[in-house]
file data-v2.pdb (PDB, C-alpha atoms, pLDDT in the B column)
ATOM      1  CA  MET C   1      69.321  43.051 -61.857  1.00 47.00           C
ATOM      2  CA  THR C   2      71.049  41.977 -58.665  1.00 48.00           C
ATOM      3  CA  ASP C   3      69.821  39.623 -55.936  1.00 49.00           C
ATOM      4  CA  ASP C   4      69.247  42.530 -53.544  1.00 49.00           C
ATOM      5  CA  THR C   5      67.017  44.201 -56.096  1.00 47.00           C
ATOM      6  CA  THR C   6      65.005  41.016 -56.497  1.00 48.00           C
ATOM      7  CA  LYS C   7      64.543  40.636 -52.746  1.00 51.00           C
ATOM      8  CA  ASN C   8      63.510  44.223 -52.238  1.00 55.00           C
ATOM      9  CA  GLY C   9      61.187  44.442 -55.221  1.00 56.00           C
ATOM     10  CA  PRO C  10      57.457  43.900 -55.630  1.00 59.00           C
ATOM     11  CA  ASP C  11      57.902  40.143 -55.752  1.00 61.00           C
ATOM     12  CA  ALA C  12      59.365  40.181 -52.257  1.00 60.00           C
ATOM     13  CA  THR C  13      56.429  42.159 -50.956  1.00 71.00           C
ATOM     14  CA  ALA C  14      53.956  39.709 -52.516  1.00 66.00           C
ATOM     15  CA  ALA C  15      55.810  36.753 -51.099  1.00 68.00           C
ATOM     16  CA  ASP C  16      55.758  38.234 -47.624  1.00 68.00           C
ATOM     17  CA  ALA C  17      52.039  38.951 -47.896  1.00 68.00           C
ATOM     18  CA  ALA C  18      51.361  35.389 -49.014  1.00 68.00           C
ATOM     19  CA  ALA C  19      53.433  34.033 -46.151  1.00 71.00           C
ATOM     20  CA  ASP C  20      51.564  36.211 -43.668  1.00 68.00           C
ATOM     21  CA  ALA C  21      48.224  35.121 -45.110  1.00 67.00           C
ATOM     22  CA  ALA C  22      49.231  31.471 -44.896  1.00 68.00           C
ATOM     23  CA  ALA C  23      50.392  31.931 -41.326  1.00 71.00           C
ATOM     24  CA  TYR C  24      47.123  33.687 -40.460  1.00 68.00           C
ATOM     25  CA  VAL C  25      45.010  30.922 -41.992  1.00 64.00           C
ATOM     26  CA  GLU C  26      47.092  28.290 -40.246  1.00 69.00           C
ATOM     27  CA  ASN C  27      46.716  30.119 -36.939  1.00 68.00           C
ATOM     28  CA  GLU C  28      42.932  30.471 -37.373  1.00 64.00           C
ATOM     29  CA  THR C  29      42.632  26.806 -38.277  1.00 63.00           C
ATOM     30  CA  ALA C  30      44.627  25.829 -35.215  1.00 61.00           C
ATOM     31  CA  GLN C  31      42.407  28.005 -33.008  1.00 64.00           C
ATOM     32  CA  GLU C  32      39.240  26.514 -34.497  1.00 60.00           C
ATOM     33  CA  GLU C  33      40.566  23.015 -33.950  1.00 59.00           C
ATOM     34  CA  ALA C  34      41.486  23.929 -30.376  1.00 57.00           C
ATOM     35  CA  THR C  35      38.022  25.333 -29.645  1.00 64.00           C
ATOM     36  CA  GLN C  36      36.089  22.429 -31.194  1.00 66.00           C
ATOM     37  CA  PRO C  37      35.177  19.676 -28.664  1.00 67.00           C
ATOM     38  CA  ASP C  38      36.612  16.229 -28.956  1.00 74.00           C
ATOM     39  CA  PRO C  39      34.210  14.000 -30.971  1.00 78.00           C
ATOM     40  CA  LEU C  40      34.884  11.134 -28.567  1.00 81.00           C
ATOM     41  CA  GLU C  41      33.885  13.293 -25.609  1.00 79.00           C
ATOM     42  CA  LEU C  42      30.729  14.348 -27.462  1.00 80.00           C
ATOM     43  CA  LEU C  43      29.819  10.698 -28.009  1.00 84.00           C
ATOM     44  CA  LYS C  44      30.435   9.900 -24.347  1.00 81.00           C
ATOM     45  CA  ALA C  45      28.253  12.801 -23.220  1.00 82.00           C
ATOM     46  CA  GLU C  46      25.472  11.825 -25.631  1.00 84.00           C
ATOM     47  CA  ASN C  47      25.688   8.215 -24.488  1.00 86.00           C
ATOM     48  CA  GLY C  48      25.449   9.289 -20.840  1.00 85.00           C
ATOM     49  CA  GLU C  49      22.410  11.458 -21.569  1.00 87.00           C
ATOM     50  CA  LEU C  50      20.672   8.633 -23.446  1.00 87.00           C
ATOM     51  CA  ARG C  51      21.437   6.242 -20.595  1.00 88.00           C
ATOM     52  CA  ASP C  52      19.922   8.663 -18.043  1.00 88.00           C
ATOM     53  CA  ARG C  53      16.818   9.029 -20.184  1.00 88.00           C
ATOM     54  CA  TYR C  54      16.519   5.248 -20.460  1.00 87.00           C
ATOM     55  CA  LEU C  55      16.873   4.764 -16.707  1.00 89.00           C
ATOM     56  CA  ARG C  56      14.265   7.430 -15.966  1.00 89.00           C
ATOM     57  CA  LEU C  57      11.875   5.926 -18.498  1.00 88.00           C
ATOM     58  CA  ALA C  58      12.438   2.428 -17.086  1.00 88.00           C
ATOM     59  CA  ALA C  59      11.751   3.698 -13.556  1.00 89.00           C
ATOM     60  CA  GLU C  60       8.576   5.456 -14.689  1.00 89.00           C
ATOM     61  CA  MET C  61       7.373   2.331 -16.490  1.00 89.00           C
ATOM     62  CA  ASP C  62       8.097   0.201 -13.405  1.00 88.00           C
ATOM     63  CA  ASN C  63       6.167   2.628 -11.181  1.00 90.00           C
ATOM     64  CA  LEU C  64       3.286   2.627 -13.659  1.00 87.00           C
ATOM     65  CA  ARG C  65       3.258  -1.185 -13.729  1.00 88.00           C
ATOM     66  CA  ARG C  66       3.212  -1.405  -9.931  1.00 88.00           C
ATOM     67  CA  ARG C  67       0.510   1.239  -9.634  1.00 87.00           C
ATOM     68  CA  THR C  68      -1.614  -0.519 -12.251  1.00 84.00           C
ATOM     69  CA  GLU C  69      -1.191  -3.887 -10.523  1.00 83.00           C
ATOM     70  CA  ARG C  70      -2.161  -2.312  -7.184  1.00 80.00           C
ATOM     71  CA  GLU C  71      -5.224  -0.632  -8.695  1.00 77.00           C
ATOM     72  CA  VAL C  72      -6.318  -3.850 -10.378  1.00 79.00           C
ATOM     73  CA  LYS C  73      -5.828  -5.776  -7.132  1.00 74.00           C
ATOM     74  CA  ASP C  74      -7.781  -3.167  -5.166  1.00 70.00           C
ATOM     75  CA  ALA C  75     -10.545  -3.220  -7.756  1.00 73.00           C
ATOM     76  CA  LYS C  76     -10.824  -6.995  -7.450  1.00 71.00           C
ATOM     77  CA  SER C  77     -10.633  -6.957  -3.656  1.00 68.00           C
ATOM     78  CA  TYR C  78     -12.922  -4.034  -2.872  1.00 74.00           C
ATOM     79  CA  SER C  79     -15.332  -3.937  -5.809  1.00 76.00           C
ATOM     80  CA  VAL C  80     -17.790  -6.073  -3.818  1.00 80.00           C
ATOM     81  CA  ALA C  81     -17.511  -3.926  -0.670  1.00 85.00           C
ATOM     82  CA  GLY C  82     -20.867  -2.206  -1.178  1.00 85.00           C
ATOM     83  CA  PHE C  83     -22.651  -5.461  -1.987  1.00 87.00           C
ATOM     84  CA  ALA C  84     -20.964  -7.232   0.947  1.00 88.00           C
ATOM     85  CA  ARG C  85     -22.036  -4.458   3.324  1.00 88.00           C
ATOM     86  CA  ASP C  86     -25.643  -4.879   2.181  1.00 89.00           C
ATOM     87  CA  MET C  87     -25.410  -8.642   2.672  1.00 90.00           C
ATOM     88  CA  LEU C  88     -24.206  -8.113   6.222  1.00 91.00           C
ATOM     89  CA  ALA C  89     -27.511  -6.426   6.994  1.00 90.00           C
ATOM     90  CA  VAL C  90     -29.292  -9.588   5.827  1.00 91.00           C
ATOM     91  CA  SER C  91     -26.961 -11.717   7.926  1.00 90.00           C
ATOM     92  CA  ASP C  92     -27.673  -9.514  10.952  1.00 91.00           C
ATOM     93  CA  ASN C  93     -31.412 -10.070  10.520  1.00 92.00           C
ATOM     94  CA  LEU C  94     -30.914 -13.838  10.329  1.00 91.00           C
ATOM     95  CA  ARG C  95     -28.873 -13.716  13.532  1.00 90.00           C
ATOM     96  CA  ARG C  96     -31.516 -11.588  15.291  1.00 90.00           C
ATOM     97  CA  ALA C  97     -34.175 -14.083  14.283  1.00 91.00           C
ATOM     98  CA  LEU C  98     -32.131 -16.939  15.733  1.00 91.00           C
ATOM     99  CA  ASP C  99     -31.322 -15.040  18.930  1.00 89.00           C
ATOM    100  CA  ALA C 100     -35.019 -14.306  19.430  1.00 91.00           C
ATOM    101  CA  ILE C 101     -35.713 -18.014  19.849  1.00 90.00           C
ATOM    102  CA  SER C 102     -35.201 -18.982  23.460  1.00 90.00           C
ATOM    103  CA  PRO C 103     -33.460 -22.221  24.404  1.00 89.00           C
ATOM    104  CA  GLU C 104     -36.726 -23.461  25.898  1.00 90.00           C
ATOM    105  CA  THR C 105     -38.570 -22.851  22.620  1.00 89.00           C
ATOM    106  CA  LYS C 106     -35.865 -24.672  20.723  1.00 87.00           C
ATOM    107  CA  ALA C 107     -36.022 -27.615  23.086  1.00 87.00           C
ATOM    108  CA  ALA C 108     -39.806 -27.864  22.864  1.00 88.00           C
ATOM    109  CA  ALA C 109     -40.026 -27.144  19.126  1.00 86.00           C
ATOM    110  CA  ASP C 110     -41.854 -29.596  16.909  1.00 90.00           C
ATOM    111  CA  ALA C 111     -40.356 -31.020  13.736  1.00 90.00           C
ATOM    112  CA  GLY C 112     -41.563 -28.138  11.566  1.00 89.00           C
ATOM    113  CA  LEU C 113     -40.108 -25.395  13.775  1.00 90.00           C
ATOM    114  CA  SER C 114     -36.850 -27.316  14.257  1.00 91.00           C
ATOM    115  CA  THR C 115     -36.503 -27.614  10.489  1.00 93.00           C
ATOM    116  CA  LEU C 116     -37.166 -23.899  10.091  1.00 93.00           C
ATOM    117  CA  ILE C 117     -34.557 -22.983  12.717  1.00 92.00           C
ATOM    118  CA  GLU C 118     -32.019 -25.299  11.132  1.00 93.00           C
ATOM    119  CA  GLY C 119     -32.731 -23.789   7.712  1.00 94.00           C
ATOM    120  CA  VAL C 120     -32.137 -20.259   8.999  1.00 93.00           C
ATOM    121  CA  GLU C 121     -28.876 -21.349  10.642  1.00 93.00           C
ATOM    122  CA  MET C 122     -27.709 -23.012   7.421  1.00 94.00           C
ATOM    123  CA  THR C 123     -28.596 -19.889   5.443  1.00 94.00           C
ATOM    124  CA  GLU C 124     -26.566 -17.710   7.795  1.00 92.00           C
ATOM    125  CA  ARG C 125     -23.562 -20.042   7.581  1.00 92.00           C
ATOM    126  CA  ALA C 126     -23.784 -20.240   3.794  1.00 93.00           C
ATOM    127  CA  MET C 127     -23.938 -16.447   3.493  1.00 90.00           C
ATOM    128  CA  LEU C 128     -20.918 -15.914   5.745  1.00 90.00           C
ATOM    129  CA  SER C 129     -19.012 -18.619   3.864  1.00 91.00           C
ATOM    130  CA  ALA C 130     -19.794 -16.956   0.525  1.00 90.00           C
ATOM    131  CA  LEU C 131     -18.634 -13.587   1.848  1.00 89.00           C
ATOM    132  CA  GLU C 132     -15.419 -15.139   3.144  1.00 90.00           C
ATOM    133  CA  ARG C 133     -14.656 -16.546  -0.313  1.00 89.00           C
ATOM    134  CA  HIS C 134     -14.709 -12.959  -1.555  1.00 86.00           C
ATOM    135  CA  GLY C 135     -12.305 -11.730   1.113  1.00 87.00           C
ATOM    136  CA  VAL C 136     -14.842 -10.728   3.782  1.00 91.00           C
ATOM    137  CA  ARG C 137     -13.857 -12.076   7.203  1.00 91.00           C
ATOM    138  CA  LYS C 138     -15.557 -11.845  10.552  1.00 92.00           C
ATOM    139  CA  LEU C 139     -13.717 -10.234  13.449  1.00 93.00           C
ATOM    140  CA  GLU C 140     -13.370 -12.188  16.683  1.00 92.00           C
ATOM    141  CA  PRO C 141     -12.517  -9.437  19.192  1.00 94.00           C
ATOM    142  CA  VAL C 142     -13.582 -11.044  22.486  1.00 93.00           C
ATOM    143  CA  GLY C 143     -10.569 -11.244  24.791  1.00 91.00           C
ATOM    144  CA  GLN C 144      -8.534  -8.844  22.647  1.00 93.00           C
ATOM    145  CA  LYS C 145      -7.411  -5.358  23.585  1.00 94.00           C
ATOM    146  CA  PHE C 146      -9.770  -2.673  22.317  1.00 94.00           C
ATOM    147  CA  ASP C 147      -8.562  -1.328  18.972  1.00 94.00           C
ATOM    148  CA  PRO C 148     -10.368   1.768  17.637  1.00 94.00           C
ATOM    149  CA  ASN C 149      -9.326   0.809  14.118  1.00 94.00           C
ATOM    150  CA  PHE C 150     -11.449  -2.346  14.267  1.00 95.00           C
ATOM    151  CA  HIS C 151     -13.789  -1.890  17.223  1.00 96.00           C
ATOM    152  CA  GLN C 152     -16.441   0.614  18.271  1.00 94.00           C
ATOM    153  CA  ALA C 153     -16.975   0.794  22.028  1.00 94.00           C
ATOM    154  CA  MET C 154     -20.655   0.919  22.962  1.00 95.00           C
ATOM    155  CA  PHE C 155     -20.435   0.569  26.757  1.00 93.00           C
ATOM    156  CA  GLU C 156     -18.133  -0.411  29.614  1.00 93.00           C
ATOM    157  CA  VAL C 157     -18.472  -3.520  31.742  1.00 91.00           C
ATOM    158  CA  PRO C 158     -17.036  -3.454  35.295  1.00 91.00           C
ATOM    159  CA  ASN C 159     -14.810  -6.498  35.452  1.00 88.00           C
ATOM    160  CA  PRO C 160     -11.712  -6.538  37.687  1.00 87.00           C
ATOM    161  CA  ASP C 161     -10.719 -10.005  36.468  1.00 87.00           C
ATOM    162  CA  VAL C 162      -9.507  -8.907  33.037  1.00 89.00           C
ATOM    163  CA  PRO C 163      -7.212  -6.049  31.948  1.00 91.00           C
ATOM    164  CA  ASN C 164      -8.799  -2.687  31.411  1.00 91.00           C
ATOM    165  CA  ASN C 165     -10.044  -1.974  27.856  1.00 91.00           C
ATOM    166  CA  THR C 166     -10.337  -5.661  27.014  1.00 93.00           C
ATOM    167  CA  VAL C 167     -13.236  -6.563  24.738  1.00 94.00           C
ATOM    168  CA  VAL C 168     -15.615  -8.725  26.776  1.00 94.00           C
ATOM    169  CA  GLN C 169     -18.808  -8.584  24.714  1.00 93.00           C
ATOM    170  CA  VAL C 170     -19.813  -8.153  21.064  1.00 93.00           C
ATOM    171  CA  VAL C 171     -23.077  -6.375  20.322  1.00 92.00           C
ATOM    172  CA  GLN C 172     -22.721  -6.478  16.556  1.00 92.00           C
ATOM    173  CA  ALA C 173     -20.125  -8.483  14.649  1.00 91.00           C
ATOM    174  CA  GLY C 174     -17.456  -6.619  12.701  1.00 94.00           C
ATOM    175  CA  PHE C 175     -15.980  -7.584   9.351  1.00 95.00           C
ATOM    176  CA  THR C 176     -12.938  -6.797   7.228  1.00 93.00           C
ATOM    177  CA  ILE C 177     -12.487  -6.997   3.477  1.00 91.00           C
ATOM    178  CA  GLY C 178      -8.907  -7.503   2.428  1.00 83.00           C
ATOM    179  CA  GLU C 179      -6.880  -5.186   4.631  1.00 83.00           C
ATOM    180  CA  ARG C 180      -9.694  -2.696   5.177  1.00 88.00           C
ATOM    181  CA  VAL C 181     -12.447  -2.550   7.772  1.00 92.00           C
ATOM    182  CA  LEU C 182     -15.788  -3.214   6.165  1.00 92.00           C
ATOM    183  CA  ARG C 183     -17.662  -2.662   9.414  1.00 94.00           C
ATOM    184  CA  PRO C 184     -16.211  -2.197  12.909  1.00 95.00           C
ATOM    185  CA  ALA C 185     -17.358  -4.537  15.654  1.00 95.00           C
ATOM    186  CA  MET C 186     -19.630  -2.887  18.215  1.00 95.00           C
ATOM    187  CA  VAL C 187     -18.304  -4.077  21.546  1.00 95.00           C
ATOM    188  CA  GLY C 188     -18.403  -3.702  25.299  1.00 94.00           C
ATOM    189  CA  VAL C 189     -15.048  -3.231  27.035  1.00 95.00           C
ATOM    190  CA  ALA C 190     -13.894  -4.093  30.536  1.00 93.00           C
ATOM    191  CA  LYS C 191     -13.473  -1.349  33.127  1.00 89.00           C
ATOM    192  CA  GLY C 192     -11.767  -1.486  36.472  1.00 79.00           C
ATOM    193  CA  GLY C 193      -9.297  -4.291  35.871  1.00 72.00           C
ATOM    194  CA  PRO C 194      -5.499  -3.925  35.832  1.00 73.00           C
ATOM    195  CA  LYS C 195      -3.894  -2.268  32.863  1.00 67.00           C
ATOM    196  CA  PRO C 196      -2.478  -4.699  30.284  1.00 57.00           C
ATOM    197  CA  ALA C 197       1.122  -3.874  31.224  1.00 58.00           C
ATOM    198  CA  GLU C 198       0.360  -4.381  34.918  1.00 52.00           C
ATOM    199  CA  ALA C 199      -1.363  -7.672  34.190  1.00 48.00           C
ATOM    200  CA  GLU C 200       1.679  -8.954  32.278  1.00 50.00           C
ATOM    201  CA  THR C 201       3.994  -7.834  35.087  1.00 47.00           C
ATOM    202  CA  ASN C 202       1.846  -9.519  37.715  1.00 47.00           C
ATOM    203  CA  SER C 203       1.781 -12.745  35.734  1.00 43.00           C
ATOM    204  CA  VAL C 204       5.586 -12.727  35.529  1.00 38.00           C
ATOM    205  CA  PHE C 205       5.851 -12.211  39.306  1.00 39.00           C
ATOM    206  CA  ASP C 206       3.319 -14.964  39.905  1.00 49.00           C
ATOM    207  CA  GLU C 207       5.378 -17.368  37.800  1.00 46.00           C
ATOM    208  CA  LYS C 208       8.526 -16.479  39.757  1.00 46.00           C
ATOM    209  CA  ASP C 209       6.759 -16.952  43.067  1.00 50.00           C
ATOM    210  CA  ALA C 210       5.448 -20.295  41.922  1.00 44.00           C
TER     211      ALA C 210
END
call {"tool": "encode", "arguments": {"input": "data-v2.pdb", "output": "structure tokens"}}
result
Amino acid sequence: MTDDTTKNGPDATAADAAADAAAYVENETAQEEATQPDPLELLKAENGELRDRYLRLAAEMDNLRRRTEREVKDAKSYSVAGFARDMLAVSDNLRRALDAISPETKAAADAGLSTLIEGVEMTERAMLSALERHGVRKLEPVGQKFDPNFHQAMFEVPNPDVPNNTVVQVVQAGFTIGERVLRPAMVGVAKGGPKPAEAETNSVFDEKDA
């Protein structure tokens, strides 16, 4: 049997088939390897996703902590608001009782009445001091510009000597608790005077003239 016969025989056909199969498998393997993502890139992507999740969770926890602290602070600051408002009614009655005593009566009062008046005054001061220790503070609006957030206008007082809408009289004291208004001050405001801006301008001109 010659070499040509060997090459053209069944063995040659089998060898070619095996070579084709090997080439096919090698080609498929190469394609699979080409389509599979790089493990390093997968790790980087997973790491980035975990980092984003961590940052979001940390931000949520920080917001929750701040919100909880604010709620606890508000609870401490404003939990006594209802009680403090009721105590203001008692303080108002003490003040009315003191205002009902005329200066003449005070001056002519005997020892017993003087002691009673002094006791009522001390009680009022002690009550206001106790409220202040719990964050309740009295407003002092006289001479200030009327502010609807803190004041309630009851009437107008003609007074050309002060800027318009200046608080000139307090009918009922106002109070705040923390940063909130517990009770607005009932006030009388000036009417007929210069506007605040005009008053400031006039004072500047007066200083220059002087």
call {"tool": "resolve_selection", "arguments": {"input": "data-v2.pdb", "expression": "the PyMOL selection byres ((chain C and resi 153) around 10)", "output": "JSON, numbers by chain"}}
result
{"C": [146, 147, 148, 151, 152, 154, 155, 156, 165, 167, 169, 170, 171, 184, 185, 186, 187, 188, 189]}
call {"tool": "closest_residue", "arguments": {"input": "data-v2.pdb", "among": "C:Val162, C:Val80, C:Ile117, C:Leu88", "to": "C:Gly135", "atoms": "only C-alpha atoms"}}
result
C:Val80
call {"tool": "atom_distance", "arguments": {"input": "data-v2.pdb", "atom1": "atom CA of C:Lys191", "atom2": "atom CA of C:Lys138"}}
result
25.0 Å
call {"tool": "atom_distance", "arguments": {"input": "data-v2.pdb", "atom1": "atom CA of C:Leu113", "atom2": "atom CA of C:Asp99"}}
result
14.5 Å
call {"tool": "atom_distance", "arguments": {"input": "data-v2.pdb", "atom1": "atom CA of C:Glu132", "atom2": "atom CA of C:Lys145"}}
result
24.0 Å
call {"tool": "residues_near_point", "arguments": {"input": "data-v2.pdb", "point": "(-13.8, -1.2, 35.1)", "cutoff": "7 Å", "atoms": "all atoms listed in the file", "output": "MDAnalysis selection string"}}
result
chainID C and resid 157:160 164 190:193
call {"tool": "closest_residue", "arguments": {"input": "data-v2.pdb", "among": "C:Asn93, C:Asn149, C:Ser114, C:Thr13", "to": "C:Glu179", "atoms": "only C-alpha atoms"}}
result
C:Asn149
call {"tool": "closest_residue", "arguments": {"input": "data-v2.pdb", "among": "C:Leu116, C:Val168, C:Leu128, C:Ala107", "to": "C:Gly143", "atoms": "only C-alpha atoms"}}
result
C:Val168
call {"tool": "closest_residue", "arguments": {"input": "data-v2.pdb", "among": "C:Gly178, C:Pro141, C:Gly112, C:Pro194", "to": "C:Ala75", "atoms": "only C-alpha atoms"}}
result
C:Gly178
call {"tool": "closest_residue", "arguments": {"input": "data-v2.pdb", "among": "C:Tyr54, C:Asp92, C:Asp74, C:Ala84", "to": "C:Ala130", "atoms": "all atoms listed in the file"}}
result
C:Ala84
call {"tool": "residues_near_point", "arguments": {"input": "data-v2.pdb", "point": "(-34.8, -19.6, 17.0)", "cutoff": "9 Å", "atoms": "all atoms listed in the file", "output": "PyMOL selection string"}}
result
chain C and resi 96-103+105-106+113-114+116-118+120-121
call {"tool": "closest_residue", "arguments": {"input": "data-v2.pdb", "among": "C:Glu104, C:Glu140, C:Glu124, C:Glu46", "to": "C:Ala173", "atoms": "only C-alpha atoms"}}
result
C:Glu140
call {"tool": "residues_around", "arguments": {"input": "data-v2.pdb", "residues": "C:Ala81", "least_positions_apart": "4", "cutoff": "12 Å", "atoms": "only C-alpha atoms", "output": "compact mmCIF listing (two decimals) with C-alpha atoms, keeping the file's coordinate frame"}}
result
# COMPACT_ATOMS: atom_id res chain seq x y z
CA ASP C 74 -7.78 -3.17 -5.17
CA ALA C 75 -10.54 -3.22 -7.76
CA LYS C 76 -10.82 -7.00 -7.45
CA SER C 77 -10.63 -6.96 -3.66
CA ARG C 85 -22.04 -4.46 3.32
CA ASP C 86 -25.64 -4.88 2.18
CA MET C 87 -25.41 -8.64 2.67
CA LEU C 88 -24.21 -8.11 6.22
CA LEU C 131 -18.63 -13.59 1.85
CA HIS C 134 -14.71 -12.96 -1.56
CA GLY C 135 -12.30 -11.73 1.11
CA VAL C 136 -14.84 -10.73 3.78
CA ARG C 137 -13.86 -12.08 7.20
CA PHE C 175 -15.98 -7.58 9.35
CA THR C 176 -12.94 -6.80 7.23
CA ILE C 177 -12.49 -7.00 3.48
CA GLY C 178 -8.91 -7.50 2.43
CA GLU C 179 -6.88 -5.19 4.63
CA ARG C 180 -9.69 -2.70 5.18
CA VAL C 181 -12.45 -2.55 7.77
CA LEU C 182 -15.79 -3.21 6.16
CA ARG C 183 -17.66 -2.66 9.41
